[in-house]
Amino acid sequence: MIEVVDLCKSFPTQFGLLPWLKHRGRLPRRTALRNVSLEIGRGELFGLVGPNGAGKTTLLKLIASLSIPDRGAIVVNGIDAVQHPMAVKRQIGLCIGEERSFYFRLTVRQNMEFFAALAGLHGRAATQRIAEVVKLVDLAQMTDARFDSLSSGMRQRLSLARALLADPPVLLADEPTRGVDPVHAEAIRKLLRDELVTRRGKTVLLTTNLLEEAWSVCDTVAVLNRGAIVTSGSPRSIAARFKRRLRYDITIDRLSDALLARLRAVGGVNLIEPESLDDGVALRIDLEPSAHTLTDLLRALSANGTLVRDLRSENLRPTDLFGEDEGPSDGA
Amino acid sequence: MALSSALAPAAALSSGSALAKAMAIFRRDARLARSYPAAFWLQWVGIAIEVAALYFISRLVGPSPLFGVGGRTAPYFNYVVLNVAFVRFQSTAIQCFQQAIRGDQMLGTLEAVLATPTGLPLVVLSAGLWAFALTALQVATFLVLAAMLGLDLHHANPTSAIAFIALTVACMSPLGVLGAASTMTFKQAGPTNFIMGGAATLLGGVLFPVAKLPHALQIVSWLLPITHALNGIRGAAQGETLARLLPDATWLAVAAIVLLPLSLVVFNRAVRRAKIDGTLGQY
């Protein structure tokens, strides 16, 4: 459905005649994307994960024909996005991550009427469609409110509603839950996963810097950092590849110094941090990714007659994927 | 969130008629203009003041053959009111397109608009619809008020007048589209309106006849579209047929035919450049 092949994009870092003359017509550029290749199947929810500045939005804008690549190919539903941008725009709904993409002095309805018309919807069909999509993002009660009276989260949800106006087969969602409260963020994830992908068979490319978001809804995830794809695959396979340590939070009924010493002596245990609770002790534990370590640890607890009340494993951390020492990248 | 609500297929989704999209842009601009009620209503007060001022100034200047067409003597009030009223079309043409692009840049809506399957010429040219409709209304108000103070339009030739308004819009709009291309590239409105407004006042015969200029400046004046537009409008107001006004009409038509595609090509290239440089969303 979406195929990106060897995509490269750079931006000039200086503009104007003087820099142009100074650099003899070759303005210095920063690389935003380097040899990015992706293949997203029909009906797939594909997550693009990366820190700020990784190049996620740049990639979305290239697919949406709002930017032109230096090199490489983008094909959406069999259409070359560089050669036929207008045809590709008919295939795509773009949920822009920016808050500022509506007319502030117009109402929600007036904004949606305008964008519906540009998407090719008119008359009663447009009215009906607007009612459907604003209801879908829980903004039906706000249709006569001016856009500038909406909260950040509402604006974000309206952007998603706008992207769905023309019922496109492909949705590009640029951080659609940014600034959205947890309840509505979860609803957006369910909308993407259950309604759009599972029920309607749409192809969704979701960018996010929240690993848990990508891990919870995406079929496939690609990790983008400093303009390059670091890895891609199912969330589970990536976690297996990148987890440097296994982290668990275990709650037990009691902890003695002797038991703590025994637990710390278990092979593969890197760290145990106890914290007293009202009705027990919480242990934060870092283990080497070995098959036996957790079993040995639980065996030690069991041998001591300790009651294990809760055990949770912590998901992959951003630093596992992006590194501990990542500063701001040169991506866009 | 109403997840149970089905995403019904958009049955009436079409490639979208250009007319419907143009009307949507017209409605947007009208709604935005009306969202500033004070500015919207004050403009009409401004027109009344301007007409009154011209009336009193014109009482200082006697009738002259220089103010008429074909050597006929005409009052200065007729001359100056028609010029000042119709030069608004030039101002509108030059300002409206770049203001629309600048407004979309500032609001962050430019990318959202360009992400839709709407052609660039339609996006930029439709931005003039509301502006020209409003200008036409302003000019009509101007003329009605002036008629109450003595402007004589009894002999006006409506066909010639409409033809020259259309030619003026067609000839001036490309200059505005070029200004929009400049705005797309440099992220600020250029000084085109200031330059063209000044040139019209000095060289286009808005306040005084071109015949009063030195010969060299009369040649420069001939090169300005506003000179021919105002010649035609004054002629139409005095009952001249389009055939009699053919030289000015031809000048405007040729300029429009040359400039319109050129300006759209330049605008297209400016957008392409912005897409390459990644500056489409910048302001």
# chains A, B, ... in the order shown; residues from 1 in each chain; ligands from 1

call {"tool": "select_by_dssp", "arguments": {"residues": "segment 46-173 of chain B", "states": "alpha helix (DSSP H)", "output": "PyMOL selection string"}}
result
chain B and resi 46-58+76-107+110-114+120-148+158-173

call {"tool": "residues_around", "arguments": {"residues": "Val87 of chain B", "least_positions_apart": "4", "cutoff": "9 Å", "atoms": "only C-alpha atoms", "output": "PDB file with N, CA and C atoms, in the first residue's frame"}}
result
ATOM      1  N   LEU B  82     -13.964  58.631 -10.537  1.00  0.00           N
ATOM      2  CA  LEU B  82     -13.885  57.365 -11.287  1.00  0.00           C
ATOM      3  C   LEU B  82     -12.509  56.728 -11.107  1.00  0.00           C
ATOM      4  N   ASN B  83     -11.449  57.538 -11.184  1.00  0.00           N
ATOM      5  CA  ASN B  83     -10.100  56.989 -11.057  1.00  0.00           C
ATOM      6  C   ASN B  83      -9.851  56.407  -9.678  1.00  0.00           C
ATOM      7  N   SER B  91      -5.412  47.743  -6.460  1.00  0.00           N
ATOM      8  CA  SER B  91      -4.937  47.454  -5.096  1.00  0.00           C
ATOM      9  C   SER B  91      -5.364  46.060  -4.665  1.00  0.00           C
ATOM     10  N   THR B  92      -6.629  45.743  -4.951  1.00  0.00           N
ATOM     11  CA  THR B  92      -7.144  44.428  -4.553  1.00  0.00           C
ATOM     12  C   THR B  92      -6.385  43.318  -5.261  1.00  0.00           C
ATOM     13  N   GLY B 197       0.889  51.170  -6.293  1.00  0.00           N
ATOM     14  CA  GLY B 197      -0.010  52.245  -5.870  1.00  0.00           C
ATOM     15  C   GLY B 197       0.611  53.603  -6.141  1.00  0.00           C
ATOM     16  N   ALA B 200       0.711  54.253  -9.864  1.00  0.00           N
ATOM     17  CA  ALA B 200      -0.605  54.609 -10.390  1.00  0.00           C
ATOM     18  C   ALA B 200      -0.925  56.068 -10.088  1.00  0.00           C
ATOM     19  N   VAL B 206      -4.285  58.916 -12.047  1.00  0.00           N
ATOM     20  CA  VAL B 206      -5.358  58.805 -11.052  1.00  0.00           C
ATOM     21  C   VAL B 206      -5.817  60.195 -10.590  1.00  0.00           C
ATOM     22  N   ILE B 226      -2.574  50.183 -15.320  1.00  0.00           N
ATOM     23  CA  ILE B 226      -3.602  51.032 -14.702  1.00  0.00           C
ATOM     24  C   ILE B 226      -3.975  52.206 -15.608  1.00  0.00           C
ATOM     25  N   ALA B 229      -6.450  50.849 -17.992  1.00  0.00           N
ATOM     26  CA  ALA B 229      -7.680  50.487 -17.284  1.00  0.00           C
ATOM     27  C   ALA B 229      -8.503  51.743 -16.986  1.00  0.00           C
ATOM     28  N   LEU B 230      -7.861  52.774 -16.492  1.00  0.00           N
ATOM     29  CA  LEU B 230      -8.590  54.000 -16.139  1.00  0.00           C
ATOM     30  C   LEU B 230      -9.072  54.745 -17.381  1.00  0.00           C
TER      31      LEU B 230
END

call {"tool": "residues_around", "arguments": {"residues": "Ala30 of chain B", "least_positions_apart": "3", "cutoff": "10 Å", "atoms": "only C-alpha atoms", "output": "VMD selection string"}}
result
chain B and resid 24 to 27 33 to 35 129 to 131 133 to 134

call {"tool": "write_last_selection", "arguments": {"atoms": "C-alpha atoms", "output": "PDB file, in the first residue's frame"}}
result
ATOM      1  CA  ALA B  24     -15.698  27.164  -0.526  1.00  0.00           C
ATOM      2  CA  ILE B  25     -12.701  29.491  -0.626  1.00  0.00           C
ATOM      3  CA  PHE B  26     -15.036  32.427  -1.275  1.00  0.00           C
ATOM      4  CA  ARG B  27     -17.193  31.460   1.734  1.00  0.00           C
ATOM      5  CA  ALA B  33     -13.885  39.084   6.884  1.00  0.00           C
ATOM      6  CA  ARG B  34     -17.171  39.159   8.775  1.00  0.00           C
ATOM      7  CA  SER B  35     -15.425  37.800  11.866  1.00  0.00           C
ATOM      8  CA  LEU B 129     -13.098  35.926  -5.434  1.00  0.00           C
ATOM      9  CA  TRP B 130     -14.242  37.441  -2.172  1.00  0.00           C
ATOM     10  CA  ALA B 131     -11.769  40.296  -2.456  1.00  0.00           C
ATOM     11  CA  ALA B 133     -16.630  40.889  -4.971  1.00  0.00           C
ATOM     12  CA  LEU B 134     -16.073  43.169  -2.001  1.00  0.00           C
TER      13      LEU B 134
END

call {"tool": "closest_residue", "arguments": {"among": "A:Ala73, A:Ala161, A:Leu297, A:Ile238", "to": "Ala265 of chain A", "atoms": "only C-alpha atoms"}}
result
A:Leu297

call {"tool": "closest_atom_pairs", "arguments": {"of": "chain A", "to": "chain B", "cutoff": "6 Å", "atoms": "only C-alpha atoms", "output": "CSV"}}
result
residue,atom,partner,partner_atom,distance
A:Phe11,CA,B:Asp277,CA,5.4
A:Ser67,CA,B:Lys275,CA,4.2
A:Ile68,CA,B:Ile276,CA,5.1
A:Met86,CA,B:Pro117,CA,5.3
A:Lys89,CA,B:Pro117,CA,5.3
A:Arg90,CA,B:Pro117,CA,5.9
A:Arg100,CA,B:Gly108,CA,4.9
A:Ser101,CA,B:Thr109,CA,4.3
A:Phe102,CA,B:Thr109,CA,5.6
A:Phe114,CA,B:Ala24,CA,5.6
A:Ala117,CA,B:Lys21,CA,5.6
A:Leu118,CA,B:Lys21,CA,5.5
A:Ala119,CA,B:Thr116,CA,5.7
A:Gly120,CA,B:Gly16,CA,3.9
A:Leu121,CA,B:Leu13,CA,5.2
A:Ala125,CA,B:Ala12,CA,5.8
A:Leu136,CA,B:Ala2,CA,5.0
A:Val137,CA,B:Met1,CA,5.7
A:Asp138,CA,B:Met1,CA,4.7

call {"tool": "write_last_selection", "arguments": {"atoms": "C-alpha atoms", "output": "compact mmCIF listing (two decimals), in the first residue's frame"}}
result
# COMPACT_ATOMS: atom_id res chain seq x y z
CA PHE A 11 17.22 20.85 3.88
CA SER A 67 7.72 17.94 0.38
CA ILE A 68 9.88 16.69 -2.47
CA MET A 86 -2.55 15.10 -6.88
CA LYS A 89 -3.50 13.20 -2.22
CA ARG A 90 -6.81 11.53 -3.09
CA ARG A 100 -2.07 25.65 13.96
CA SER A 101 -3.70 24.17 10.91
CA PHE A 102 -7.25 25.55 11.13
CA PHE A 114 -14.12 24.29 4.01
CA ALA A 117 -15.14 21.01 -0.02
CA LEU A 118 -11.42 20.94 -0.83
CA ALA A 119 -11.51 17.18 -0.34
CA GLY A 120 -14.31 16.98 -2.91
CA LEU A 121 -17.34 16.66 -0.61
CA ALA A 125 -23.01 14.44 1.80
CA LEU A 136 -16.13 9.94 15.99
CA VAL A 137 -13.60 12.12 17.80
CA ASP A 138 -16.13 13.19 20.44

call {"tool": "atom_distance", "arguments": {"atom1": "atom CA of Arg34 of chain A", "atom2": "atom CA of Glu99 of chain A"}}
result
27.8 Å

call {"tool": "residues_around", "arguments": {"residues": "segment 163-167 of chain A", "least_positions_apart": "3", "cutoff": "6 Å", "atoms": "only C-alpha atoms", "output": "list of chain:residue names"}}
result
A:Gly93, A:Leu94, A:Cys95, A:Leu160

call {"tool": "select_by_dssp", "arguments": {"residues": "segment 10-224 of chain A", "states": "strand (DSSP E or B)", "output": "MDAnalysis selection string"}}
result
chainID A and resid 10:12 29:40 45:49 71:76 79:80 92:95 107 146 170:174 203:208 220:224

call {"tool": "write_last_selection", "arguments": {"atoms": "N, CA and C atoms", "output": "CSV table (one decimal), in the first residue's frame"}}
result
chain,number,residue,atom,x,y,z
A,10,SER,N,17.2,16.2,2.5
A,10,SER,CA,18.0,17.2,3.2
A,10,SER,C,17.4,18.6,3.0
A,11,PHE,N,17.7,19.5,3.9
A,11,PHE,CA,17.2,20.8,3.9
A,11,PHE,C,18.4,21.8,4.0
A,12,PRO,N,18.3,22.9,3.2
A,12,PRO,CA,19.3,23.9,3.4
A,12,PRO,C,19.3,24.5,4.8
A,29,ARG,N,23.6,22.0,3.7
A,29,ARG,CA,22.3,21.3,4.0
A,29,ARG,C,22.5,20.4,5.2
A,30,ARG,N,21.3,20.1,5.9
A,30,ARG,CA,21.4,19.1,6.9
A,30,ARG,C,20.5,18.0,6.5
A,31,THR,N,21.0,16.8,6.8
A,31,THR,CA,20.3,15.6,6.4
A,31,THR,C,19.1,15.3,7.3
A,32,ALA,N,17.9,15.1,6.8
A,32,ALA,CA,16.8,14.8,7.6
A,32,ALA,C,16.4,13.3,7.5
A,33,LEU,N,16.6,12.8,6.3
A,33,LEU,CA,16.3,11.3,6.1
A,33,LEU,C,17.4,10.7,5.3
A,34,ARG,N,17.9,9.6,5.7
A,34,ARG,CA,19.0,8.9,5.0
A,34,ARG,C,18.6,7.5,4.5
A,35,ASN,N,18.4,7.3,3.3
A,35,ASN,CA,18.2,5.9,2.7
A,35,ASN,C,17.1,5.2,3.5
A,36,VAL,N,16.0,5.9,3.6
A,36,VAL,CA,14.8,5.2,4.3
A,36,VAL,C,14.0,4.4,3.4
A,37,SER,N,13.8,3.1,3.8
A,37,SER,CA,13.0,2.2,3.0
A,37,SER,C,12.0,1.6,3.9
A,38,LEU,N,10.7,1.5,3.5
A,38,LEU,CA,9.6,1.0,4.3
A,38,LEU,C,8.7,0.3,3.3
A,39,GLU,N,8.0,-0.7,3.8
A,39,GLU,CA,6.9,-1.3,3.1
A,39,GLU,C,5.7,-1.5,4.0
A,40,ILE,N,4.6,-0.9,3.7
A,40,ILE,CA,3.5,-1.0,4.6
A,40,ILE,C,2.3,-1.6,3.8
A,45,LEU,N,-1.4,-1.4,10.5
A,45,LEU,CA,-1.2,-0.2,11.3
A,45,LEU,C,0.3,-0.2,11.6
A,46,PHE,N,1.0,0.8,11.0
A,46,PHE,CA,2.4,0.8,11.0
A,46,PHE,C,2.8,2.0,11.9
A,47,GLY,N,3.7,1.7,12.9
A,47,GLY,CA,4.1,2.8,13.8
A,47,GLY,C,5.5,3.2,13.4
A,48,LEU,N,5.7,4.5,13.4
A,48,LEU,CA,7.0,5.1,13.1
A,48,LEU,C,7.4,5.8,14.4
A,49,VAL,N,8.4,5.2,15.1
A,49,VAL,CA,8.8,5.6,16.4
A,49,VAL,C,10.1,6.3,16.4
A,71,ARG,N,16.1,12.2,-3.3
A,71,ARG,CA,16.3,10.9,-4.0
A,71,ARG,C,15.4,9.9,-3.4
A,72,GLY,N,15.1,8.9,-4.2
A,72,GLY,CA,14.3,7.8,-3.7
A,72,GLY,C,12.9,7.8,-4.3
A,73,ALA,N,12.1,6.8,-3.9
A,73,ALA,CA,10.8,6.7,-4.5
A,73,ALA,C,9.7,6.5,-3.4
A,74,ILE,N,8.5,7.0,-3.6
A,74,ILE,CA,7.4,6.8,-2.7
A,74,ILE,C,6.2,6.4,-3.6
A,75,VAL,N,5.7,5.2,-3.3
A,75,VAL,CA,4.5,4.7,-4.0
A,75,VAL,C,3.4,4.5,-3.1
A,76,VAL,N,2.2,5.1,-3.3
A,76,VAL,CA,1.1,4.9,-2.5
A,76,VAL,C,0.0,4.3,-3.3
A,79,ILE,N,0.6,4.4,-6.9
A,79,ILE,CA,0.8,5.7,-7.5
A,79,ILE,C,2.1,6.3,-7.0
A,80,ASP,N,2.9,6.8,-8.0
A,80,ASP,CA,4.1,7.4,-7.6
A,80,ASP,C,3.8,8.8,-7.0
A,92,ILE,N,-4.9,9.8,0.4
A,92,ILE,CA,-4.4,10.0,1.8
A,92,ILE,C,-5.2,11.0,2.6
A,93,GLY,N,-5.3,10.7,3.9
A,93,GLY,CA,-5.8,11.7,4.8
A,93,GLY,C,-4.7,12.0,5.8
A,94,LEU,N,-4.4,13.3,5.9
A,94,LEU,CA,-3.2,13.6,6.7
A,94,LEU,C,-3.7,14.3,8.0
A,95,CYS,N,-3.3,13.7,9.1
A,95,CYS,CA,-3.6,14.3,10.4
A,95,CYS,C,-2.4,15.0,10.8
A,107,THR,N,-15.7,28.6,13.1
A,107,THR,CA,-16.2,27.5,14.0
A,107,THR,C,-15.7,26.2,13.5
A,146,ARG,N,-16.1,28.3,18.2
A,146,ARG,CA,-14.9,28.8,17.3
A,146,ARG,C,-13.7,27.9,17.6
A,170,VAL,N,-5.8,5.5,3.1
A,170,VAL,CA,-4.6,5.6,3.8
A,170,VAL,C,-4.7,6.8,4.8
A,171,LEU,N,-4.3,6.6,6.0
A,171,LEU,CA,-4.3,7.7,7.0
A,171,LEU,C,-2.8,7.9,7.5
A,172,LEU,N,-2.4,9.1,7.4
A,172,LEU,CA,-1.1,9.4,7.9
A,172,LEU,C,-1.3,10.3,9.2
A,173,ALA,N,-1.0,9.7,10.3
A,173,ALA,CA,-1.3,10.4,11.6
A,173,ALA,C,0.0,10.8,12.3
A,174,ASP,N,0.2,12.1,12.4
A,174,ASP,CA,1.4,12.6,13.0
A,174,ASP,C,1.2,12.9,14.4
A,203,THR,N,-5.2,1.6,5.9
A,203,THR,CA,-3.8,1.5,6.2
A,203,THR,C,-3.4,2.8,6.9
A,204,VAL,N,-2.8,2.6,8.1
A,204,VAL,CA,-2.5,3.7,8.9
A,204,VAL,C,-1.0,3.8,9.2
A,205,LEU,N,-0.4,4.9,9.0
A,205,LEU,CA,1.0,5.2,9.3
A,205,LEU,C,0.9,6.2,10.5
A,206,LEU,N,1.3,5.7,11.7
A,206,LEU,CA,1.2,6.5,12.9
A,206,LEU,C,2.6,6.8,13.3
A,207,THR,N,2.9,8.1,13.5
A,207,THR,CA,4.2,8.5,14.1
A,207,THR,C,3.9,8.8,15.6
A,208,THR,N,4.9,8.5,16.4
A,208,THR,CA,4.8,8.7,17.8
A,208,THR,C,6.2,8.7,18.5
A,220,THR,N,3.3,-3.4,13.0
A,220,THR,CA,4.7,-3.3,12.7
A,220,THR,C,5.2,-1.9,13.2
A,221,VAL,N,6.4,-1.9,13.6
A,221,VAL,CA,7.0,-0.7,14.1
A,221,VAL,C,8.4,-0.5,13.4
A,222,ALA,N,8.7,0.7,13.0
A,222,ALA,CA,10.0,1.0,12.5
A,222,ALA,C,10.5,2.1,13.5
A,223,VAL,N,11.8,1.9,13.8
A,223,VAL,CA,12.4,2.9,14.7
A,223,VAL,C,13.3,3.8,13.9
A,224,LEU,N,12.9,5.1,13.9
A,224,LEU,CA,13.7,6.1,13.2
A,224,LEU,C,14.5,7.0,14.1

call {"tool": "atom_distance", "arguments": {"atom1": "atom CA of Ala211 of chain B", "atom2": "atom CA of Pro247 of chain B"}}
result
17.0 Å

call {"tool": "residues_around", "arguments": {"residues": "Thr227 of chain B", "least_positions_apart": "2", "cutoff": "8 Å", "atoms": "only C-alpha atoms", "output": "PyMOL selection string"}}
result
chain B and resi 200+203-205+221-225+229-231

call {"tool": "write_last_selection", "arguments": {"atoms": "C-alpha atoms", "output": "PDB file, in the first residue's frame"}}
result
ATOM      1  CA  ALA B 200      -0.605  54.609 -10.390  1.00  0.00           C
ATOM      2  CA  LEU B 203       2.020  57.974 -13.621  1.00  0.00           C
ATOM      3  CA  GLY B 204      -1.338  56.271 -14.144  1.00  0.00           C
ATOM      4  CA  GLY B 205      -3.448  59.389 -14.296  1.00  0.00           C
ATOM      5  CA  SER B 221       2.768  55.691 -18.076  1.00  0.00           C
ATOM      6  CA  TRP B 222       1.753  53.877 -21.275  1.00  0.00           C
ATOM      7  CA  LEU B 223       3.562  50.796 -19.986  1.00  0.00           C
ATOM      8  CA  LEU B 224       1.413  50.646 -16.851  1.00  0.00           C
ATOM      9  CA  PRO B 225      -1.802  48.611 -17.008  1.00  0.00           C
ATOM     10  CA  ALA B 229      -7.680  50.487 -17.284  1.00  0.00           C
ATOM     11  CA  LEU B 230      -8.590  54.000 -16.139  1.00  0.00           C
ATOM     12  CA  ASN B 231      -8.721  55.311 -19.720  1.00  0.00           C
TER      13      ASN B 231
END

call {"tool": "residues_around", "arguments": {"residues": "segment 274-287 of chain A", "least_positions_apart": "2", "cutoff": "9 Å", "atoms": "only C-alpha atoms", "output": "ChimeraX atom specification"}}
result
/A:245-255,260,267-272,289-290,293-294,309-310

call {"tool": "residues_around", "arguments": {"residues": "segment 51-64 of chain B", "least_positions_apart": "6", "cutoff": "12 Å", "atoms": "only C-alpha atoms", "output": "ChimeraX atom specification"}}
result
/B:44-45,70-85,138-139,141-151,207-209

call {"tool": "closest_residue", "arguments": {"among": "B:Met184, B:Ile47, B:Leu42, B:Cys96", "to": "Leu125 of chain B", "atoms": "only C-alpha atoms"}}
result
B:Cys96
